[in-house]
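Heads up: the structure comes next, in structure tokens.
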Amino acid sequence: MTQSPAVRTPGPSGPVRVGERAARTLVAEFARRNDPKAGLLVGATPESAVLSAAIDALLPGDRLTVVPAEGCSAATLREHVTAQGRWVADRVRVADTLAATDAAEVVIAAEPFTGTADEVRSAVDELAKYLAEGAVLSVAAPVFRTEGADAELDRQGLLHGVRTDLVLRNSPPVRVHHLRFTPAPVALAARLSPAYRPSSVPLTRSMHIDSNGVAAAGISLGLAALARVARPKSKLWLLPALAAAPVAAFFRDPERDVPEDPAAVVAAADGQVLSVQRLHDERFGEGEWLRVAVFLSVLDVHVNRSPVAGKVVDYFVADGGFVNAMKPDAEHNVAAYTVLDTDHGTVVVAQRTGLIARRIVQRAPVGALLAKGERFGLIRFGSRTDVYLPADAAEPLVGPGDKVVGGSTVIARWR
């Protein structure tokens with residue numbers, strides 16, 4: 001009988017513990033689906049944080065099949081599931097072996113892979129047999145180690161990655177890889193909630209700081225420490241020390257209430273509407289486009305969100321200049337274009353640089369599904385974000401001078 005795919009256990013560097021944050025990241029693709037779905041969790045124990053996270057993510061129509069880890073009996077796991085109550089027991093089935101399970105929309109490996117590249121490749125291939133069409137496999141591996149697991153999963157991610165999340169707040173840190181080996185239908189995007197991403201560090205229940213802000217603040221504090229050591233009698237260290245807080249605040253990432261109306265198109269960024277115009281752009285296809293351009297000042301939130309639910313089908317960067325984003329010539333600045341396929345046609349989001357902004361971050365690879373309002377990138381230090389919609393399918397609801405909030409303000413409606 002086929003047991004769970006075996007990978008080598010950690011060596012002298014210590015055991016790999018999957019904490020609550022890493023567990024939530026592993027279960028993210030299962031948790032974000034709002035339609036009834038089947039999940040498969042492989043390598044679980046009663047103490048597994050991943051099992052707890054998967055149970056917490058269950059919706060009334062869901063089914064979850066659990067395969068015990070090596071050394072854990074199915075009977076013990078069944079007792080644990082039964083103890084969770086009737087509601088859980090009705091939706092969770094414990095299988096004796098992996099071979100006794102069916103294909104699922106999401107397959108999760110509860111234990112991190114720590115073996116060689118060949119061992120990990122074999123384990124991934126074995127788990128991939130239980131993926132339904134367009135399904136996702138979520139696996140993890142420790143980082144900062146000499147073993148081949150993380151490197152092999154990085155290679156798999158380049159070929160099949162939906163996205164990769166680095167979870168530093170784990171012991172040791174792990175990288176979670178979400179892999180899709182067959183295309184997912186575009187219609188599925190509308191049935192997804194925005195993905196949980198550990199790249200944002202929570203400050204309060206409603207406010208996070210993007211990982212870029214944590215890194216930038218850390219650099220500022222590091223410079224302050226070096227200045228203090230190099231010139232202990234000088235007050236020069238105060239400059240980078242005092243800059244750490246405003247730099248981190250620039251990368252704030254608040255939670256947003258995304259409108260449930262399926263006809264609503266939301267703003268891709270916070271800021272002020274510069275223009276709403278109809279134009280032609282052959283790069284995105286024939287026909288007329290409705291473009292809503294939003295200027296982001298240095299005081300605005302710079303995290304970008306998907307204006308619609310869709311599938312990323314293309315991504316490219318156009319070369320150009322660095323003109324003030326409020327000027328018409330900014331249309332020819334360096335820009336990153338994320339092209340989405342949706343139920344209403346093609347939608348494009350352009351992240352444009354500006355006079356100060358010189359760095360665009362885009363985290364949604366081609367093939368990824370984005371829920372409406374989902375974070376997919378950011379622009380550092382002010383700039384402009386444009387949303388292109390099929391002109392014959394969308395009606396604008398904002399005009400020049402209007403203030404919009406990314407992920408919340410409805411900028412247009414599908415006809």
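FYI, nothing fancy with the structure tokens labels: chains A, B, ... in order, residues from 1 per chain, ligands from 1 as they appear.
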* Pick out the residues sitting within 6 Å of region 291-293 of chain A, and hand them over as a list in words; count only C-alpha atoms, and ignore anything fewer than 6 positions along from it in its own chain. =>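 Final neighbour list, sorted by chain and number: Val273, Leu274, Ser275, Val276, Gln277, Thr385, Asp386, Val387 and Tyr388 of chain A.
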The selected residues should be written to file as a tab-separated table (two decimals), in the first residue's frame (atoms: C-alpha atoms).
chain	number	residue	atom	x	y	z
A	273	VAL	CA	-7.89	60.20	-10.31
A	274	LEU	CA	-5.87	62.02	-12.96
A	275	SER	CA	-7.92	61.12	-15.99
A	276	VAL	CA	-10.67	58.91	-17.34
A	277	GLN	CA	-10.41	58.51	-21.09
A	385	THR	CA	-1.45	53.20	-11.52
A	386	ASP	CA	-3.65	52.85	-14.61
A	387	VAL	CA	-6.52	50.40	-15.13
A	388	TYR	CA	-7.52	49.52	-18.71
* Give me every strand (DSSP E) residue in region 253-310 of chain A, going by DSSP on the backbone, as JSON, numbers by chain. => {"A": [253, 254, 264, 265, 266, 271, 272, 273, 274, 275, 276, 277, 278, 279, 280, 288, 289, 290, 291, 292, 293, 294, 295, 296, 303, 304, 305, 310]}
Find the residues around region 93-107 of chain A up to 10 Å (only C-alpha atoms counted), leave out those fewer than 3 positions away in its own chain, and share them as a short mmCIF file (atom, residue, chain, number, x, y, z; two decimals) with all heavy atoms, in the first residue's frame.
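Generated output (around.cif):
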data_model
loop_
_atom_site.label_atom_id
_atom_site.label_comp_id
_atom_site.auth_asym_id
_atom_site.auth_seq_id
_atom_site.Cartn_x
_atom_site.Cartn_y
_atom_site.Cartn_z
N MET A 1 0.85 -1.21 0.00
CA MET A 1 0.00 0.00 0.00
C MET A 1 0.87 1.25 0.00
O MET A 1 1.94 1.26 0.61
CB MET A 1 -0.90 0.03 1.24
CG MET A 1 -1.96 -1.08 1.24
SD MET A 1 -3.12 -0.88 2.61
CE MET A 1 -2.05 -1.07 4.02
N THR A 2 0.41 2.31 -0.67
CA THR A 2 1.18 3.54 -0.77
C THR A 2 1.01 4.40 0.47
O THR A 2 -0.10 4.80 0.81
CB THR A 2 0.75 4.34 -2.01
OG1 THR A 2 0.90 3.51 -3.16
CG2 THR A 2 1.61 5.57 -2.17
N GLN A 3 2.09 4.68 1.14
CA GLN A 3 2.06 5.58 2.28
C GLN A 3 2.26 7.01 1.79
O GLN A 3 2.38 7.27 0.60
CB GLN A 3 3.15 5.18 3.28
CG GLN A 3 3.01 3.77 3.83
CD GLN A 3 1.82 3.61 4.74
OE1 GLN A 3 1.38 4.58 5.35
NE2 GLN A 3 1.28 2.41 4.83
N SER A 4 2.36 7.95 2.74
CA SER A 4 2.65 9.33 2.38
C SER A 4 4.03 9.39 1.75
O SER A 4 4.92 8.65 2.13
CB SER A 4 2.63 10.22 3.63
OG SER A 4 1.38 10.11 4.28
N PRO A 5 4.25 10.29 0.74
CA PRO A 5 5.56 10.41 0.13
C PRO A 5 6.63 10.67 1.19
O PRO A 5 6.46 11.54 2.05
CB PRO A 5 5.40 11.62 -0.81
CG PRO A 5 3.96 11.67 -1.10
CD PRO A 5 3.27 11.21 0.15
N LEU A 26 0.42 27.58 4.30
CA LEU A 26 0.27 26.32 3.58
C LEU A 26 -1.19 26.06 3.19
O LEU A 26 -1.48 25.52 2.13
CB LEU A 26 0.78 25.16 4.44
CG LEU A 26 2.26 24.81 4.31
CD1 LEU A 26 2.70 23.89 5.45
CD2 LEU A 26 2.55 24.15 2.96
N VAL A 27 -2.11 26.46 4.04
CA VAL A 27 -3.54 26.18 3.83
C VAL A 27 -4.22 27.31 3.04
O VAL A 27 -5.40 27.22 2.71
CB VAL A 27 -4.22 25.96 5.20
CG1 VAL A 27 -5.72 25.78 5.07
CG2 VAL A 27 -3.62 24.74 5.89
N ALA A 28 -3.48 28.36 2.68
CA ALA A 28 -4.08 29.55 2.09
C ALA A 28 -4.90 29.26 0.84
O ALA A 28 -5.99 29.81 0.65
CB ALA A 28 -2.99 30.57 1.76
N GLU A 29 -4.40 28.41 -0.06
CA GLU A 29 -5.13 28.15 -1.30
C GLU A 29 -6.43 27.38 -1.05
O GLU A 29 -7.39 27.52 -1.79
CB GLU A 29 -4.24 27.38 -2.28
CG GLU A 29 -3.15 28.23 -2.91
CD GLU A 29 -3.71 29.38 -3.74
OE1 GLU A 29 -4.65 29.15 -4.51
OE2 GLU A 29 -3.20 30.50 -3.61
N PHE A 30 -6.45 26.58 0.01
CA PHE A 30 -7.68 25.88 0.40
C PHE A 30 -8.66 26.86 1.05
O PHE A 30 -9.86 26.85 0.76
CB PHE A 30 -7.35 24.74 1.35
CG PHE A 30 -8.52 23.91 1.78
CD1 PHE A 30 -9.17 23.06 0.89
CD2 PHE A 30 -9.00 23.97 3.08
CE1 PHE A 30 -10.26 22.29 1.27
CE2 PHE A 30 -10.09 23.21 3.48
CZ PHE A 30 -10.72 22.36 2.58
N ALA A 31 -8.14 27.72 1.92
CA ALA A 31 -8.99 28.64 2.67
C ALA A 31 -9.63 29.71 1.79
O ALA A 31 -10.73 30.18 2.09
CB ALA A 31 -8.17 29.30 3.78
N ARG A 33 -10.81 29.55 -1.26
CA ARG A 33 -11.87 29.11 -2.17
C ARG A 33 -13.22 29.15 -1.47
O ARG A 33 -13.41 28.53 -0.43
CB ARG A 33 -11.59 27.71 -2.70
CG ARG A 33 -10.40 27.66 -3.63
CD ARG A 33 -10.30 26.36 -4.37
NE ARG A 33 -11.49 26.05 -5.15
CZ ARG A 33 -11.47 25.29 -6.25
NH1 ARG A 33 -10.32 24.79 -6.68
NH2 ARG A 33 -12.58 25.02 -6.89
N PRO A 36 -17.75 24.99 -2.77
CA PRO A 36 -17.50 23.68 -2.17
C PRO A 36 -16.32 23.00 -2.86
O PRO A 36 -16.28 22.92 -4.08
CB PRO A 36 -18.81 22.92 -2.41
CG PRO A 36 -19.84 24.00 -2.57
CD PRO A 36 -19.14 25.12 -3.26
N LYS A 37 -15.35 22.54 -2.08
CA LYS A 37 -14.16 21.96 -2.67
C LYS A 37 -13.66 20.78 -1.85
O LYS A 37 -14.03 20.63 -0.68
CB LYS A 37 -13.04 22.99 -2.85
CG LYS A 37 -12.37 23.47 -1.54
CD LYS A 37 -13.10 24.61 -0.91
CE LYS A 37 -12.38 25.21 0.28
NZ LYS A 37 -13.15 26.25 0.95
N ALA A 38 -12.81 19.98 -2.49
CA ALA A 38 -12.20 18.84 -1.83
C ALA A 38 -10.74 19.14 -1.58
O ALA A 38 -10.02 19.56 -2.48
CB ALA A 38 -12.35 17.59 -2.69
N GLY A 39 -10.29 18.92 -0.35
CA GLY A 39 -8.90 19.11 0.01
C GLY A 39 -8.27 17.80 0.45
O GLY A 39 -8.96 16.90 0.95
N LEU A 40 -6.96 17.69 0.24
CA LEU A 40 -6.22 16.50 0.66
C LEU A 40 -5.01 16.96 1.46
O LEU A 40 -4.16 17.70 0.96
CB LEU A 40 -5.77 15.69 -0.56
CG LEU A 40 -4.84 14.49 -0.30
CD1 LEU A 40 -5.49 13.49 0.64
CD2 LEU A 40 -4.45 13.83 -1.61
N LEU A 41 -4.94 16.55 2.73
CA LEU A 41 -3.83 16.92 3.62
C LEU A 41 -3.02 15.66 3.90
O LEU A 41 -3.54 14.68 4.44
CB LEU A 41 -4.38 17.51 4.92
CG LEU A 41 -3.36 17.89 5.99
CD1 LEU A 41 -2.39 18.95 5.47
CD2 LEU A 41 -4.06 18.40 7.24
N VAL A 42 -1.74 15.70 3.53
CA VAL A 42 -0.88 14.51 3.61
C VAL A 42 0.19 14.71 4.68
O VAL A 42 0.87 15.74 4.71
CB VAL A 42 -0.21 14.23 2.25
CG1 VAL A 42 0.66 12.98 2.32
CG2 VAL A 42 -1.27 14.08 1.17
N GLY A 43 0.32 13.71 5.57
CA GLY A 43 1.38 13.76 6.58
C GLY A 43 0.98 14.49 7.84
O GLY A 43 1.80 15.19 8.44
N ALA A 44 -0.25 14.32 8.30
CA ALA A 44 -0.74 15.06 9.46
C ALA A 44 -0.63 14.23 10.73
O ALA A 44 -0.58 12.99 10.71
CB ALA A 44 -2.19 15.47 9.25
N ARG A 63 -15.01 19.15 1.71
CA ARG A 63 -14.58 17.83 2.14
C ARG A 63 -13.06 17.85 2.28
O ARG A 63 -12.35 18.37 1.41
CB ARG A 63 -14.97 16.76 1.10
CG ARG A 63 -16.47 16.54 0.99
CD ARG A 63 -16.80 15.47 -0.03
NE ARG A 63 -16.44 15.86 -1.38
CZ ARG A 63 -15.46 15.31 -2.09
NH1 ARG A 63 -14.70 14.35 -1.55
NH2 ARG A 63 -15.21 15.71 -3.33
N LEU A 64 -12.57 17.30 3.37
CA LEU A 64 -11.12 17.25 3.62
C LEU A 64 -10.74 15.82 3.94
O LEU A 64 -11.29 15.20 4.86
CB LEU A 64 -10.74 18.17 4.78
CG LEU A 64 -9.26 18.15 5.20
CD1 LEU A 64 -8.38 18.69 4.08
CD2 LEU A 64 -9.04 18.95 6.48
N THR A 65 -9.81 15.28 3.18
CA THR A 65 -9.28 13.94 3.43
C THR A 65 -7.88 14.10 4.03
O THR A 65 -7.07 14.87 3.51
CB THR A 65 -9.20 13.11 2.15
OG1 THR A 65 -10.51 13.01 1.58
CG2 THR A 65 -8.67 11.71 2.43
N VAL A 66 -7.62 13.38 5.10
CA VAL A 66 -6.34 13.51 5.82
C VAL A 66 -5.63 12.17 5.81
O VAL A 66 -6.22 11.13 6.14
CB VAL A 66 -6.57 13.97 7.27
CG1 VAL A 66 -5.24 14.16 7.99
CG2 VAL A 66 -7.37 15.27 7.29
N VAL A 67 -4.35 12.19 5.46
CA VAL A 67 -3.50 11.00 5.49
C VAL A 67 -2.49 11.17 6.62
O VAL A 67 -1.81 12.20 6.69
CB VAL A 67 -2.76 10.80 4.15
CG1 VAL A 67 -1.86 9.56 4.21
CG2 VAL A 67 -3.74 10.69 3.00
N PRO A 68 -2.40 10.22 7.55
CA PRO A 68 -1.51 10.40 8.71
C PRO A 68 -0.04 10.39 8.31
O PRO A 68 0.36 9.80 7.31
CB PRO A 68 -1.84 9.19 9.60
CG PRO A 68 -2.42 8.18 8.67
CD PRO A 68 -3.14 8.95 7.61
N ALA A 69 0.77 11.05 9.13
CA ALA A 69 2.21 11.07 8.93
C ALA A 69 2.80 9.71 9.29
O ALA A 69 2.17 8.90 9.99
CB ALA A 69 2.85 12.16 9.79
N SER A 73 -0.79 6.62 13.61
CA SER A 73 -1.80 5.69 13.12
C SER A 73 -3.06 6.42 12.68
O SER A 73 -3.40 7.48 13.21
CB SER A 73 -2.15 4.67 14.20
OG SER A 73 -2.90 5.28 15.24
N ALA A 74 -3.75 5.84 11.71
CA ALA A 74 -5.00 6.41 11.25
C ALA A 74 -6.04 6.42 12.36
O ALA A 74 -6.86 7.35 12.46
CB ALA A 74 -5.51 5.64 10.03
N ALA A 75 -6.02 5.39 13.23
CA ALA A 75 -6.99 5.31 14.32
C ALA A 75 -6.81 6.48 15.28
O ALA A 75 -7.80 7.09 15.74
CB ALA A 75 -6.82 3.98 15.07
N THR A 76 -5.56 6.82 15.59
CA THR A 76 -5.30 7.96 16.49
C THR A 76 -5.80 9.25 15.88
O THR A 76 -6.39 10.10 16.56
CB THR A 76 -3.79 8.06 16.79
OG1 THR A 76 -3.35 6.86 17.41
CG2 THR A 76 -3.49 9.24 17.69
N LEU A 77 -5.57 9.40 14.58
CA LEU A 77 -6.00 10.62 13.90
C LEU A 77 -7.53 10.69 13.84
O LEU A 77 -8.11 11.77 13.99
CB LEU A 77 -5.39 10.66 12.50
CG LEU A 77 -5.19 12.03 11.86
CD1 LEU A 77 -4.42 12.97 12.78
CD2 LEU A 77 -4.46 11.89 10.53
N ARG A 78 -8.17 9.56 13.65
CA ARG A 78 -9.65 9.55 13.63
C ARG A 78 -10.22 9.96 14.98
O ARG A 78 -11.22 10.68 15.06
CB ARG A 78 -10.15 8.16 13.23
CG ARG A 78 -9.95 7.80 11.78
CD ARG A 78 -10.70 6.55 11.39
NE ARG A 78 -10.37 6.16 10.01
CZ ARG A 78 -9.46 5.23 9.70
NH1 ARG A 78 -8.82 4.58 10.67
NH2 ARG A 78 -9.22 4.94 8.44
N GLU A 79 -9.62 9.47 16.05
CA GLU A 79 -10.07 9.86 17.39
C GLU A 79 -9.95 11.37 17.58
O GLU A 79 -10.84 12.02 18.16
CB GLU A 79 -9.24 9.14 18.44
CG GLU A 79 -9.50 7.64 18.54
CD GLU A 79 -8.64 6.98 19.59
OE1 GLU A 79 -7.90 7.72 20.30
OE2 GLU A 79 -8.69 5.74 19.73
N VAL A 81 -9.99 13.70 15.21
CA VAL A 81 -11.00 14.37 14.38
C VAL A 81 -12.38 14.26 15.01
O VAL A 81 -13.14 15.24 15.09
CB VAL A 81 -11.00 13.78 12.95
CG1 VAL A 81 -12.20 14.29 12.16
CG2 VAL A 81 -9.71 14.13 12.23
N THR A 82 -12.72 13.09 15.51
CA THR A 82 -14.03 12.88 16.16
C THR A 82 -14.19 13.79 17.37
O THR A 82 -15.29 14.31 17.63
CB THR A 82 -14.19 11.41 16.57
OG1 THR A 82 -14.05 10.57 15.42
CG2 THR A 82 -15.55 11.17 17.21
N VAL A 88 -17.14 18.93 12.34
CA VAL A 88 -15.84 18.61 11.73
C VAL A 88 -15.81 17.16 11.26
O VAL A 88 -15.37 16.86 10.14
CB VAL A 88 -14.70 18.89 12.73
CG1 VAL A 88 -13.36 18.38 12.17
CG2 VAL A 88 -14.61 20.37 13.04
N ALA A 89 -16.29 16.24 12.09
CA ALA A 89 -16.23 14.82 11.76
C ALA A 89 -17.02 14.51 10.48
O ALA A 89 -16.65 13.59 9.72
CB ALA A 89 -16.77 13.99 12.92
N ASP A 90 -18.09 15.27 10.21
CA ASP A 90 -18.87 15.04 9.00
C ASP A 90 -18.14 15.47 7.73
O ASP A 90 -18.51 15.06 6.62
CB ASP A 90 -20.21 15.78 9.08
CG ASP A 90 -21.19 15.12 10.04
OD1 ASP A 90 -20.94 13.96 10.42
OD2 ASP A 90 -22.18 15.77 10.40
N ALA A 110 1.67 18.43 4.89
CA ALA A 110 1.70 19.01 6.23
C ALA A 110 3.11 19.15 6.79
O ALA A 110 3.37 20.01 7.62
CB ALA A 110 0.85 18.17 7.18
N GLU A 126 4.72 12.30 -6.82
CA GLU A 126 3.74 11.40 -6.23
C GLU A 126 2.48 12.16 -5.80
O GLU A 126 1.35 11.73 -6.06
CB GLU A 126 4.34 10.69 -5.03
CG GLU A 126 3.42 9.71 -4.32
CD GLU A 126 3.03 8.53 -5.19
OE1 GLU A 126 3.77 8.20 -6.13
OE2 GLU A 126 1.96 7.93 -4.92
N LEU A 127 2.66 13.31 -5.16
CA LEU A 127 1.50 14.10 -4.71
C LEU A 127 0.73 14.68 -5.90
O LEU A 127 -0.50 14.82 -5.84
CB LEU A 127 1.97 15.22 -3.80
CG LEU A 127 2.47 14.82 -2.41
CD1 LEU A 127 3.01 16.02 -1.66
CD2 LEU A 127 1.36 14.15 -1.60
N ALA A 128 1.44 15.01 -6.98
CA ALA A 128 0.78 15.61 -8.14
C ALA A 128 -0.23 14.66 -8.78
O ALA A 128 -1.15 15.10 -9.48
CB ALA A 128 1.83 16.03 -9.17
N LYS A 129 -0.09 13.35 -8.54
CA LYS A 129 -1.04 12.38 -9.09
C LYS A 129 -2.44 12.56 -8.51
O LYS A 129 -3.42 12.08 -9.09
CB LYS A 129 -0.56 10.96 -8.80
CG LYS A 129 0.78 10.60 -9.43
CD LYS A 129 1.21 9.21 -8.98
CE LYS A 129 2.58 8.84 -9.53
NZ LYS A 129 3.02 7.51 -9.04
N TYR A 130 -2.53 13.23 -7.37
CA TYR A 130 -3.82 13.37 -6.68
C TYR A 130 -4.43 14.76 -6.87
O TYR A 130 -5.34 15.14 -6.14
CB TYR A 130 -3.64 13.04 -5.20
CG TYR A 130 -3.20 11.61 -5.00
CD1 TYR A 130 -1.85 11.27 -5.01
CD2 TYR A 130 -4.13 10.58 -4.85
CE1 TYR A 130 -1.44 9.95 -4.86
CE2 TYR A 130 -3.74 9.26 -4.70
CZ TYR A 130 -2.39 8.96 -4.72
OH TYR A 130 -1.99 7.65 -4.59
N LEU A 131 -3.90 15.51 -7.84
CA LEU A 131 -4.43 16.84 -8.13
C LEU A 131 -5.52 16.76 -9.20
O LEU A 131 -5.33 16.12 -10.24
CB LEU A 131 -3.31 17.76 -8.63
CG LEU A 131 -2.23 18.16 -7.62
CD1 LEU A 131 -1.07 18.83 -8.34
CD2 LEU A 131 -2.80 19.08 -6.56
N ALA A 132 -6.64 17.41 -8.94
CA ALA A 132 -7.67 17.53 -9.97
C ALA A 132 -7.21 18.53 -11.02
O ALA A 132 -6.19 19.21 -10.85
CB ALA A 132 -8.98 17.99 -9.33
N GLU A 133 -7.94 18.66 -12.11
CA GLU A 133 -7.57 19.60 -13.16
C GLU A 133 -7.56 21.03 -12.61
O GLU A 133 -8.52 21.49 -11.99
CB GLU A 133 -8.58 19.52 -14.31
CG GLU A 133 -8.16 20.21 -15.58
CD GLU A 133 -7.05 19.48 -16.31
OE1 GLU A 133 -6.82 18.28 -16.03
OE2 GLU A 133 -6.42 20.12 -17.18
N GLY A 134 -6.44 21.73 -12.81
CA GLY A 134 -6.30 23.11 -12.33
C GLY A 134 -6.08 23.24 -10.84
O GLY A 134 -6.12 24.35 -10.31
N ALA A 135 -5.82 22.12 -10.15
CA ALA A 135 -5.66 22.14 -8.70
C ALA A 135 -4.28 22.66 -8.29
O ALA A 135 -3.37 22.79 -9.11
CB ALA A 135 -5.88 20.74 -8.13
N VAL A 136 -4.13 22.94 -7.00
CA VAL A 136 -2.89 23.50 -6.46
C VAL A 136 -2.28 22.54 -5.44
O VAL A 136 -2.99 21.98 -4.60
CB VAL A 136 -3.15 24.86 -5.79
CG1 VAL A 136 -1.91 25.38 -5.08
CG2 VAL A 136 -3.61 25.88 -6.83
N LEU A 137 -0.96 22.39 -5.52
CA LEU A 137 -0.19 21.64 -4.53
C LEU A 137 0.59 22.64 -3.68
O LEU A 137 1.33 23.46 -4.21
CB LEU A 137 0.78 20.67 -5.22
CG LEU A 137 1.82 19.98 -4.34
CD1 LEU A 137 1.14 19.09 -3.30
CD2 LEU A 137 2.79 19.18 -5.19
N SER A 138 0.41 22.58 -2.36
CA SER A 138 1.10 23.50 -1.44
C SER A 138 2.10 22.71 -0.60
O SER A 138 1.71 21.79 0.13
CB SER A 138 0.09 24.21 -0.53
OG SER A 138 -0.79 25.02 -1.28
N VAL A 139 3.37 23.09 -0.71
CA VAL A 139 4.44 22.39 0.01
C VAL A 139 5.40 23.43 0.57
O VAL A 139 5.44 24.57 0.13
CB VAL A 139 5.20 21.42 -0.92
CG1 VAL A 139 4.28 20.30 -1.39
CG2 VAL A 139 5.77 22.16 -2.13
N HIS A 178 3.36 27.24 -3.80
CA HIS A 178 2.05 26.83 -4.29
C HIS A 178 2.21 26.53 -5.78
O HIS A 178 2.55 27.44 -6.56
CB HIS A 178 1.01 27.92 -4.06
CG HIS A 178 0.90 28.36 -2.63
ND1 HIS A 178 0.20 27.67 -1.68
CD2 HIS A 178 1.44 29.43 -1.99
CE1 HIS A 178 0.29 28.28 -0.51
NE2 HIS A 178 1.04 29.36 -0.67
N LEU A 179 2.00 25.29 -6.18
CA LEU A 179 2.28 24.84 -7.54
C LEU A 179 0.99 24.40 -8.23
O LEU A 179 0.15 23.73 -7.64
CB LEU A 179 3.27 23.68 -7.51
CG LEU A 179 4.56 23.88 -6.70
CD1 LEU A 179 5.35 22.59 -6.62
CD2 LEU A 179 5.40 25.00 -7.30
N ARG A 180 0.87 24.77 -9.51
CA ARG A 180 -0.27 24.33 -10.32
C ARG A 180 0.29 23.73 -11.62
O ARG A 180 0.99 24.40 -12.36
CB ARG A 180 -1.22 25.49 -10.62
CG ARG A 180 -2.42 25.08 -11.46
CD ARG A 180 -3.35 26.24 -11.77
NE ARG A 180 -4.18 26.60 -10.63
CZ ARG A 180 -4.14 27.78 -10.02
NH1 ARG A 180 -3.29 28.71 -10.43
NH2 ARG A 180 -4.93 28.04 -9.00
#
* Please, what distance in Å, to one decimal, runs between CA of Asp154 (chain A) and CA of Thr25 (chain A)? -> 16.6 Å
* Counting only C-alpha atoms, what is within 8 Å of region 347-353 of chain A, bar same-chain residues fewer than 4 positions away, as a PyMOL selection string? -> chain A and resi 268+284+306+308+322+325+330-331+333-342+357-360+379+382-390
* **Nearby residues (only C-alpha atoms) at most 7 Å from Ala393 (chain A), same-chain spacing under 2 positions excluded, as a PyMOL selection string** => chain A and resi 390-391+414-415
* To do: Point out the residue among A:Pro307, A:Pro183, A:Gly85, A:Pro112 with the least atom-to-atom distance to Val366 (chain A), counting only C-alpha atoms.
  => A:Pro183
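The closest residue to Asp253 (chain A), picked from A:Pro185, A:Pro142, A:Gly320, A:Gly377 and counting only C-alpha atoms, is A:Gly377.
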* Could you name the residues that touch Ala264 (chain A) at 10 Å or less, counting only C-alpha atoms, but leaving out those on the same chain fewer than 4 positions away, as a list in words? ->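 Close residues of Ala264 (chain A): Val258, Pro259, Glu260, Pro307, Val308, Lys372, Ala394, Glu395, Leu397, Ser408, Thr409, Val410, Ile411, Ala412, Arg413, Trp414 and Arg415 of chain A.
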Taking N, CA, C and O atoms for each residue, export the selection above as a tab-separated table (two decimals), in the first residue's frame.
chain	number	residue	atom	x	y	z
A	258	VAL	N	-13.63	44.70	0.47
A	258	VAL	CA	-13.81	44.62	-0.98
A	258	VAL	C	-15.29	44.44	-1.29
A	258	VAL	O	-15.94	43.55	-0.72
A	259	PRO	N	-15.88	45.27	-2.16
A	259	PRO	CA	-17.30	45.13	-2.50
A	259	PRO	C	-17.60	43.74	-3.07
A	259	PRO	O	-16.85	43.22	-3.88
A	260	GLU	N	-18.71	43.16	-2.63
A	260	GLU	CA	-19.09	41.83	-3.10
A	260	GLU	C	-19.82	41.88	-4.44
A	260	GLU	O	-19.99	40.84	-5.09
A	307	PRO	N	-8.02	45.05	-9.65
A	307	PRO	CA	-9.33	45.72	-9.74
A	307	PRO	C	-10.48	44.76	-10.01
A	307	PRO	O	-11.64	45.09	-9.76
A	308	VAL	N	-10.15	43.57	-10.52
A	308	VAL	CA	-11.17	42.58	-10.87
A	308	VAL	C	-10.66	41.19	-10.52
A	308	VAL	O	-9.47	41.01	-10.22
A	372	LYS	N	-10.72	39.68	-6.74
A	372	LYS	CA	-10.91	41.13	-6.76
A	372	LYS	C	-10.44	41.74	-5.44
A	372	LYS	O	-10.78	41.25	-4.37
A	394	ALA	N	-17.61	48.37	-19.94
A	394	ALA	CA	-17.51	49.00	-18.62
A	394	ALA	C	-17.99	50.45	-18.65
A	394	ALA	O	-17.78	51.16	-19.64
A	395	GLU	N	-18.62	50.86	-17.55
A	395	GLU	CA	-19.10	52.24	-17.40
A	395	GLU	C	-18.35	52.90	-16.25
A	395	GLU	O	-18.39	52.40	-15.12
A	397	LEU	N	-17.32	55.28	-13.13
A	397	LEU	CA	-18.08	55.88	-12.04
A	397	LEU	C	-17.28	56.95	-11.30
A	397	LEU	O	-17.74	57.47	-10.29
A	408	SER	N	-11.33	49.11	-2.50
A	408	SER	CA	-12.65	49.46	-1.93
A	408	SER	C	-13.49	50.36	-2.83
A	408	SER	O	-14.69	50.11	-3.02
A	409	THR	N	-12.90	51.42	-3.38
A	409	THR	CA	-13.66	52.35	-4.18
A	409	THR	C	-14.03	51.73	-5.53
A	409	THR	O	-13.17	51.20	-6.24
A	410	VAL	N	-15.31	51.80	-5.89
A	410	VAL	CA	-15.76	51.28	-7.18
A	410	VAL	C	-15.51	52.36	-8.23
A	410	VAL	O	-16.09	53.44	-8.18
A	411	ILE	N	-14.63	52.05	-9.18
A	411	ILE	CA	-14.27	53.03	-10.21
A	411	ILE	C	-15.06	52.83	-11.50
A	411	ILE	O	-15.12	53.73	-12.35
A	412	ALA	N	-15.65	51.64	-11.65
A	412	ALA	CA	-16.43	51.35	-12.85
A	412	ALA	C	-17.33	50.16	-12.58
A	412	ALA	O	-17.16	49.45	-11.58
A	413	ARG	N	-18.29	49.96	-13.47
A	413	ARG	CA	-19.18	48.80	-13.37
A	413	ARG	C	-19.25	48.11	-14.72
A	413	ARG	O	-19.25	48.76	-15.77
A	414	TRP	N	-19.30	46.79	-14.67
A	414	TRP	CA	-19.51	46.04	-15.91
A	414	TRP	C	-20.95	46.24	-16.38
A	414	TRP	O	-21.87	46.20	-15.56
A	415	ARG	N	-21.12	46.46	-17.64
A	415	ARG	CA	-22.48	46.63	-18.20
A	415	ARG	C	-23.19	45.30	-18.29
A	415	ARG	O	-22.58	44.26	-18.49
* Point-to-point distance from CA of Cys72 (chain A) to CA of Gly148 (chain A), Å rounded to tenths -> 26.2 Å
* Ser200 (chain A) surroundings by only C-alpha atoms, 12 Å radius, close-in-sequence under 5 positions cut, as a list in words ->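 After dropping sequence-adjacent residues, the list is Arg21, Asp165, Leu166, Val167, Leu168, Arg169, Ala195, Arg205, Ser206, Met207, His208, Ile209, Asp210, Ser211, Asn212, Gly213, Val214, Ala215, Ala248, Phe251, Arg252, Asp253, Pro254, Glu255, Val303, Arg375, Phe376, Gly377 and Leu378 of chain A.
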